[in-house]
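**Student:** Got a structure here, written out as structure tokens. Questions coming.
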Amino acid sequence: MGGTAESGSVENTGAEIIDGRAFAAGLREKVAAHVAALKAEHGLTPGLTVVLVGEDPASQVYVRNKERQTAEAGMNSDLIRLPETASQDEVLDVVGRLNADPAVHGILVQLPLPDGIDENAVIAAIDPAKDVDGFHVINTGRLTIGQQALVPCTPLGCLMLLKDRLGELSGLDALVVGRSNIVGKPMASLLLHESCTVTIAHSRTKDLPEVCRRADILIAAVGRPQMIKGDWIKPGATVIDVGINRIPKDDGKTRLVGDVDFDGAVKVAGAITPVPGGVGPMTIAVLLKNTVTAACRQAGVPEPGTQ
Ligand code: NDP
């Protein structure tokens with residue numbers, strides 16, 4: 001199947017362009033249907049509360065999108081804003097209050113937090129059952145050993161896109177470039193549970209191009225614009241580009257690019273996610289799904305669509 005990149009600069013290539021925007025829209029529709037069923041059958045309305053500390057502009061945009069999409073899915077959506085000057089104790093107090101509130105099924109503390117607040121301490125204070133970001137050590141530990149967990153949204157979204165395209169992943173060589181706690185490591189765990197042969201690369205990896213050339217599945221989560229080149233890609237590989245990088249354009253404005261050199265990679269890969277419009281839209285859609293999952297587990301009712 002051919003495709004056209006959102007940049008408009010690539011036409012009629014061999015690679016399928018994985019449309020994360022459309023997949024995420026479908027997932028949000030499913031979540032909304034599940035929320036409607038939970039309300040009708042169990043009187044349960046999943047609720048997500050986001051805690052935003054300070055004025056970080058990117059976080060403001062992201063949080064607004066989360067609020068809108070949560071409400072559109074029929075869930076209760078709340079935002080607690082704290083000033084940039086809030087102390088760690090104040091943030092912990094809010095988290096404690098939300099932990100105790102039975103109407104709140106998901107708690108998300110927007111990162112990054114202002115200087116002086118220990119992110120690890122705040123994440124550790126969230127009830128693991130309500131940790132819809134999946135960053136609490138209880139959830140990361142459960143994911144690692146294959147127990148029921150709340151799974152970080154971005155890697156879970158990547159896995160959904162992969163399974164949608166490839167079906168069975170068992171036995172495939174998967175490379176995750178990047179070893180962060182929020183993307184790289186949970187992504188590697190998920191792929192291992194799918195019985196992929198998983199390699200994790202990072203800034204100290206020797207001969208990254210050669211390591212990339214062995215991968216049937218390549219996940220790029222690096223944060224370096226267009227670092228992974230077309231001739232690093234195994235022909236026919238499925239490439240999932242998590243990177244979101246802003247680079248300058250000739251007209252003085254900026255544009256978003258991934259960690260993969262899309263124009264080069266699209267000529268070699270079997271399928272590839274564009275940036276924007278690939279992994280990005282999946283994150284909030286999976287957050288909504290995680291909130292439904294958390295609500296069902298807390299209420300002790302089966303999650304719609306999983307029986
Ligand atoms: P981090 O900065 O936490 O981690 C980056 C990783 O890349 C590190 O493990 C680092 O290695 C590795 N790395 C850096 N340089 C190189 C190199 N030259 N060669 C190989 N590996 C390298 O980033 P995140 O995981 O948080 O995010 C990665 C990207 O994904 C970013 O662009 C971010 O914006 C994007 N992102 C997108 C999301 C979405 O779509 N919704 C959500 C989250 C992130 P080392 O550990 O050795 O330093």
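Chain labels run A, B, ... following the order of the structure tokens; each chain numbers its residues from 1, and ligands are numbered from 1 in the order shown.
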Residues within 9 Å of ligand 1 should be enumerated using only C-alpha atoms and all ligand atoms and returned as a PDB file with N, CA, C and O atoms, in the first residue's frame.
**Tutor:**
ATOM      1  N   CYS A 153       1.216   4.980  28.802  1.00  0.00           N
ATOM      2  CA  CYS A 153       0.325   5.179  27.647  1.00  0.00           C
ATOM      3  C   CYS A 153       1.040   5.142  26.305  1.00  0.00           C
ATOM      4  O   CYS A 153       0.544   4.528  25.343  1.00  0.00           O
ATOM      5  N   THR A 154       2.194   5.810  26.205  1.00  0.00           N
ATOM      6  CA  THR A 154       2.842   5.895  24.892  1.00  0.00           C
ATOM      7  C   THR A 154       3.311   4.522  24.405  1.00  0.00           C
ATOM      8  O   THR A 154       2.999   4.127  23.265  1.00  0.00           O
ATOM      9  N   PRO A 155       4.051   3.756  25.220  1.00  0.00           N
ATOM     10  CA  PRO A 155       4.441   2.429  24.724  1.00  0.00           C
ATOM     11  C   PRO A 155       3.260   1.511  24.461  1.00  0.00           C
ATOM     12  O   PRO A 155       3.267   0.750  23.480  1.00  0.00           O
ATOM     13  N   GLY A 157       0.369   2.438  23.414  1.00  0.00           N
ATOM     14  CA  GLY A 157      -0.145   2.897  22.116  1.00  0.00           C
ATOM     15  C   GLY A 157       0.692   2.370  20.965  1.00  0.00           C
ATOM     16  O   GLY A 157       0.166   1.957  19.931  1.00  0.00           O
ATOM     17  N   VAL A 177      15.169   1.918  20.525  1.00  0.00           N
ATOM     18  CA  VAL A 177      16.278   2.863  20.686  1.00  0.00           C
ATOM     19  C   VAL A 177      15.835   3.898  21.718  1.00  0.00           C
ATOM     20  O   VAL A 177      14.916   4.673  21.467  1.00  0.00           O
ATOM     21  N   GLY A 178      16.479   3.864  22.883  1.00  0.00           N
ATOM     22  CA  GLY A 178      16.082   4.715  24.018  1.00  0.00           C
ATOM     23  C   GLY A 178      15.712   3.839  25.194  1.00  0.00           C
ATOM     24  O   GLY A 178      15.052   2.801  25.009  1.00  0.00           O
ATOM     25  N   ARG A 179      16.160   4.225  26.390  1.00  0.00           N
ATOM     26  CA  ARG A 179      15.919   3.393  27.576  1.00  0.00           C
ATOM     27  C   ARG A 179      15.310   4.209  28.721  1.00  0.00           C
ATOM     28  O   ARG A 179      15.633   3.996  29.890  1.00  0.00           O
ATOM     29  N   SER A 180      14.449   5.176  28.369  1.00  0.00           N
ATOM     30  CA  SER A 180      13.822   5.966  29.438  1.00  0.00           C
ATOM     31  C   SER A 180      12.797   5.111  30.178  1.00  0.00           C
ATOM     32  O   SER A 180      12.303   4.105  29.663  1.00  0.00           O
ATOM     33  N   ASN A 181      12.469   5.581  31.400  1.00  0.00           N
ATOM     34  CA  ASN A 181      11.481   4.850  32.201  1.00  0.00           C
ATOM     35  C   ASN A 181      10.071   4.997  31.643  1.00  0.00           C
ATOM     36  O   ASN A 181       9.217   4.154  31.894  1.00  0.00           O
ATOM     37  N   ILE A 182       9.836   6.086  30.884  1.00  0.00           N
ATOM     38  CA  ILE A 182       8.453   6.304  30.434  1.00  0.00           C
ATOM     39  C   ILE A 182       8.184   5.730  29.041  1.00  0.00           C
ATOM     40  O   ILE A 182       7.049   5.474  28.691  1.00  0.00           O
ATOM     41  N   VAL A 183       9.228   5.533  28.243  1.00  0.00           N
ATOM     42  CA  VAL A 183       9.007   4.961  26.906  1.00  0.00           C
ATOM     43  C   VAL A 183       9.849   3.700  26.686  1.00  0.00           C
ATOM     44  O   VAL A 183       9.319   2.599  26.522  1.00  0.00           O
ATOM     45  N   GLY A 184      11.158   3.853  26.647  1.00  0.00           N
ATOM     46  CA  GLY A 184      12.034   2.758  26.200  1.00  0.00           C
ATOM     47  C   GLY A 184      11.875   1.482  27.007  1.00  0.00           C
ATOM     48  O   GLY A 184      11.632   0.399  26.445  1.00  0.00           O
ATOM     49  N   LYS A 185      12.018   1.590  28.336  1.00  0.00           N
ATOM     50  CA  LYS A 185      11.984   0.356  29.150  1.00  0.00           C
ATOM     51  C   LYS A 185      10.610  -0.324  29.124  1.00  0.00           C
ATOM     52  O   LYS A 185      10.541  -1.548  28.895  1.00  0.00           O
ATOM     53  N   ILE A 200      17.680  -3.415  23.369  1.00  0.00           N
ATOM     54  CA  ILE A 200      17.509  -2.008  23.767  1.00  0.00           C
ATOM     55  C   ILE A 200      18.822  -1.284  23.450  1.00  0.00           C
ATOM     56  O   ILE A 200      19.885  -1.688  23.932  1.00  0.00           O
ATOM     57  N   ALA A 201      18.732  -0.240  22.644  1.00  0.00           N
ATOM     58  CA  ALA A 201      19.920   0.558  22.322  1.00  0.00           C
ATOM     59  C   ALA A 201      19.829   1.901  23.044  1.00  0.00           C
ATOM     60  O   ALA A 201      18.742   2.340  23.424  1.00  0.00           O
ATOM     61  N   HIS A 202      20.972   2.541  23.243  1.00  0.00           N
ATOM     62  CA  HIS A 202      21.026   3.818  23.976  1.00  0.00           C
ATOM     63  C   HIS A 202      22.256   4.575  23.525  1.00  0.00           C
ATOM     64  O   HIS A 202      22.913   4.182  22.545  1.00  0.00           O
ATOM     65  N   SER A 203      22.606   5.618  24.253  1.00  0.00           N
ATOM     66  CA  SER A 203      23.675   6.504  23.760  1.00  0.00           C
ATOM     67  C   SER A 203      25.047   5.829  23.756  1.00  0.00           C
ATOM     68  O   SER A 203      25.959   6.309  23.096  1.00  0.00           O
ATOM     69  N   ARG A 204      25.202   4.726  24.473  1.00  0.00           N
ATOM     70  CA  ARG A 204      26.504   4.044  24.490  1.00  0.00           C
ATOM     71  C   ARG A 204      26.558   2.848  23.544  1.00  0.00           C
ATOM     72  O   ARG A 204      27.548   2.128  23.503  1.00  0.00           O
ATOM     73  N   THR A 205      25.469   2.604  22.820  1.00  0.00           N
ATOM     74  CA  THR A 205      25.442   1.445  21.911  1.00  0.00           C
ATOM     75  C   THR A 205      26.482   1.606  20.807  1.00  0.00           C
ATOM     76  O   THR A 205      26.606   2.675  20.205  1.00  0.00           O
ATOM     77  N   LEU A 208      25.268   1.680  16.103  1.00  0.00           N
ATOM     78  CA  LEU A 208      23.800   1.684  16.090  1.00  0.00           C
ATOM     79  C   LEU A 208      23.222   1.382  14.699  1.00  0.00           C
ATOM     80  O   LEU A 208      22.240   0.621  14.601  1.00  0.00           O
ATOM     81  N   ALA A 220      11.771   4.047  17.746  1.00  0.00           N
ATOM     82  CA  ALA A 220      12.722   5.132  18.007  1.00  0.00           C
ATOM     83  C   ALA A 220      12.159   6.045  19.085  1.00  0.00           C
ATOM     84  O   ALA A 220      11.114   6.667  18.890  1.00  0.00           O
ATOM     85  N   ALA A 221      12.823   6.100  20.234  1.00  0.00           N
ATOM     86  CA  ALA A 221      12.388   6.975  21.343  1.00  0.00           C
ATOM     87  C   ALA A 221      13.634   7.628  21.925  1.00  0.00           C
ATOM     88  O   ALA A 221      14.099   7.297  23.007  1.00  0.00           O
ATOM     89  N   VAL A 222      14.169   8.564  21.173  1.00  0.00           N
ATOM     90  CA  VAL A 222      15.483   9.123  21.461  1.00  0.00           C
ATOM     91  C   VAL A 222      15.413  10.616  21.797  1.00  0.00           C
ATOM     92  O   VAL A 222      16.101  11.098  22.705  1.00  0.00           O
ATOM     93  N   GLY A 223      14.610  11.359  21.025  1.00  0.00           N
ATOM     94  CA  GLY A 223      14.583  12.804  21.218  1.00  0.00           C
ATOM     95  C   GLY A 223      15.667  13.516  20.420  1.00  0.00           C
ATOM     96  O   GLY A 223      16.102  14.602  20.790  1.00  0.00           O
ATOM     97  N   ARG A 224      16.114  12.896  19.305  1.00  0.00           N
ATOM     98  CA  ARG A 224      17.105  13.545  18.420  1.00  0.00           C
ATOM     99  C   ARG A 224      16.532  13.577  17.006  1.00  0.00           C
ATOM    100  O   ARG A 224      16.296  12.522  16.394  1.00  0.00           O
ATOM    101  N   PRO A 225      16.314  14.806  16.475  1.00  0.00           N
ATOM    102  CA  PRO A 225      15.605  14.915  15.200  1.00  0.00           C
ATOM    103  C   PRO A 225      16.258  14.136  14.063  1.00  0.00           C
ATOM    104  O   PRO A 225      17.445  14.303  13.808  1.00  0.00           O
ATOM    105  N   MET A 227      17.464  11.319  13.487  1.00  0.00           N
ATOM    106  CA  MET A 227      18.763  10.677  13.711  1.00  0.00           C
ATOM    107  C   MET A 227      18.876   9.330  12.972  1.00  0.00           C
ATOM    108  O   MET A 227      19.938   8.970  12.470  1.00  0.00           O
ATOM    109  N   ILE A 228      17.764   8.596  12.928  1.00  0.00           N
ATOM    110  CA  ILE A 228      17.813   7.240  12.346  1.00  0.00           C
ATOM    111  C   ILE A 228      17.567   7.331  10.842  1.00  0.00           C
ATOM    112  O   ILE A 228      16.498   7.749  10.401  1.00  0.00           O
ATOM    113  N   ASP A 241       7.924   5.663  15.233  1.00  0.00           N
ATOM    114  CA  ASP A 241       8.736   6.828  15.602  1.00  0.00           C
ATOM    115  C   ASP A 241       8.041   7.590  16.732  1.00  0.00           C
ATOM    116  O   ASP A 241       7.029   8.267  16.519  1.00  0.00           O
ATOM    117  N   VAL A 242       8.594   7.472  17.940  1.00  0.00           N
ATOM    118  CA  VAL A 242       7.987   8.123  19.109  1.00  0.00           C
ATOM    119  C   VAL A 242       8.447   9.580  19.223  1.00  0.00           C
ATOM    120  O   VAL A 242       7.793  10.408  19.837  1.00  0.00           O
ATOM    121  N   GLY A 243       9.557   9.900  18.618  1.00  0.00           N
ATOM    122  CA  GLY A 243      10.182  11.217  18.801  1.00  0.00           C
ATOM    123  C   GLY A 243       9.280  12.373  18.411  1.00  0.00           C
ATOM    124  O   GLY A 243       8.521  12.293  17.440  1.00  0.00           O
ATOM    125  N   ILE A 244       9.346  13.421  19.197  1.00  0.00           N
ATOM    126  CA  ILE A 244       8.660  14.677  18.854  1.00  0.00           C
ATOM    127  C   ILE A 244       9.707  15.781  19.014  1.00  0.00           C
ATOM    128  O   ILE A 244      10.091  16.117  20.133  1.00  0.00           O
ATOM    129  N   ASN A 245      10.178  16.276  17.888  1.00  0.00           N
ATOM    130  CA  ASN A 245      11.236  17.294  17.920  1.00  0.00           C
ATOM    131  C   ASN A 245      10.818  18.469  17.050  1.00  0.00           C
ATOM    132  O   ASN A 245      10.245  18.279  15.979  1.00  0.00           O
ATOM    133  N   VAL A 257       9.311  17.052  13.728  1.00  0.00           N
ATOM    134  CA  VAL A 257       9.847  15.855  13.074  1.00  0.00           C
ATOM    135  C   VAL A 257      10.090  14.797  14.142  1.00  0.00           C
ATOM    136  O   VAL A 257      10.170  15.104  15.337  1.00  0.00           O
ATOM    137  N   GLY A 258      10.231  13.563  13.692  1.00  0.00           N
ATOM    138  CA  GLY A 258      10.494  12.468  14.619  1.00  0.00           C
ATOM    139  C   GLY A 258      11.977  12.221  14.803  1.00  0.00           C
ATOM    140  O   GLY A 258      12.826  13.038  14.426  1.00  0.00           O
ATOM    141  N   ASP A 259      12.274  11.071  15.371  1.00  0.00           N
ATOM    142  CA  ASP A 259      13.670  10.651  15.545  1.00  0.00           C
ATOM    143  C   ASP A 259      14.188   9.915  14.312  1.00  0.00           C
ATOM    144  O   ASP A 259      15.358   9.568  14.234  1.00  0.00           O
ATOM    145  N   VAL A 275       5.375  11.695  11.764  1.00  0.00           N
ATOM    146  CA  VAL A 275       5.347  12.677  12.865  1.00  0.00           C
ATOM    147  C   VAL A 275       5.084  14.031  12.231  1.00  0.00           C
ATOM    148  O   VAL A 275       5.856  14.453  11.360  1.00  0.00           O
ATOM    149  N   PRO A 276       3.987  14.724  12.557  1.00  0.00           N
ATOM    150  CA  PRO A 276       2.962  14.290  13.521  1.00  0.00           C
ATOM    151  C   PRO A 276       1.978  13.302  12.880  1.00  0.00           C
ATOM    152  O   PRO A 276       2.050  13.037  11.696  1.00  0.00           O
ATOM    153  N   GLY A 278       1.313  10.105  14.053  1.00  0.00           N
ATOM    154  CA  GLY A 278       1.596   8.681  14.273  1.00  0.00           C
ATOM    155  C   GLY A 278       1.328   8.306  15.714  1.00  0.00           C
ATOM    156  O   GLY A 278       0.170   8.127  16.124  1.00  0.00           O
ATOM    157  N   VAL A 279       2.413   8.222  16.487  1.00  0.00           N
ATOM    158  CA  VAL A 279       2.296   7.810  17.895  1.00  0.00           C
ATOM    159  C   VAL A 279       1.618   8.896  18.742  1.00  0.00           C
ATOM    160  O   VAL A 279       0.846   8.593  19.651  1.00  0.00           O
ATOM    161  N   GLY A 280       1.909  10.160  18.439  1.00  0.00           N
ATOM    162  CA  GLY A 280       1.440  11.273  19.284  1.00  0.00           C
ATOM    163  C   GLY A 280      -0.023  11.169  19.691  1.00  0.00           C
ATOM    164  O   GLY A 280      -0.336  11.185  20.887  1.00  0.00           O
ATOM    165  N   PRO A 281      -0.961  11.039  18.731  1.00  0.00           N
ATOM    166  CA  PRO A 281      -2.383  11.005  19.105  1.00  0.00           C
ATOM    167  C   PRO A 281      -2.763   9.784  19.943  1.00  0.00           C
ATOM    168  O   PRO A 281      -3.816   9.778  20.585  1.00  0.00           O
ATOM    169  N   MET A 282      -1.931   8.746  19.915  1.00  0.00           N
ATOM    170  CA  MET A 282      -2.268   7.529  20.661  1.00  0.00           C
ATOM    171  C   MET A 282      -2.195   7.745  22.171  1.00  0.00           C
ATOM    172  O   MET A 282      -2.914   7.098  22.942  1.00  0.00           O
ATOM    173  N   THR A 283      -1.309   8.637  22.612  1.00  0.00           N
ATOM    174  CA  THR A 283      -1.020   8.713  24.051  1.00  0.00           C
ATOM    175  C   THR A 283      -2.274   9.070  24.863  1.00  0.00           C
ATOM    176  O   THR A 283      -2.595   8.389  25.839  1.00  0.00           O
ATOM    177  N   ILE A 284      -2.989  10.115  24.452  1.00  0.00           N
ATOM    178  CA  ILE A 284      -4.173  10.505  25.239  1.00  0.00           C
ATOM    179  C   ILE A 284      -5.277   9.451  25.086  1.00  0.00           C
ATOM    180  O   ILE A 284      -5.978   9.127  26.047  1.00  0.00           O
TER     181      ILE A 284
END
**Student:** For Arg297 of chain A, which residue out of A:Ala121, A:Ala129, A:Leu98, A:Ile107 is the nearest one, using only C-alpha atoms?
**Tutor:**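 Nearest to Arg297 of chain A: A:Ala129.
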**Student:** Can you check which residues of segment 111-256 of chain A DSSP gives as alpha helix (DSSP H) on the backbone and send them as a VMD selection string?
**Tutor:** chain A and resid 119 to 125 137 to 145 153 to 166 184 to 193 208 to 213
**Student:** Write out as a PyMOL selection string all residues of segment 23-266 of chain A that DSSP puts in strand (DSSP E or B) for this structure's backbone.
**Tutor:** chain A and resi 47-53+76-82+106-109+131+173-177+197-201+217-220+228+238-241+245-248+254-257+260
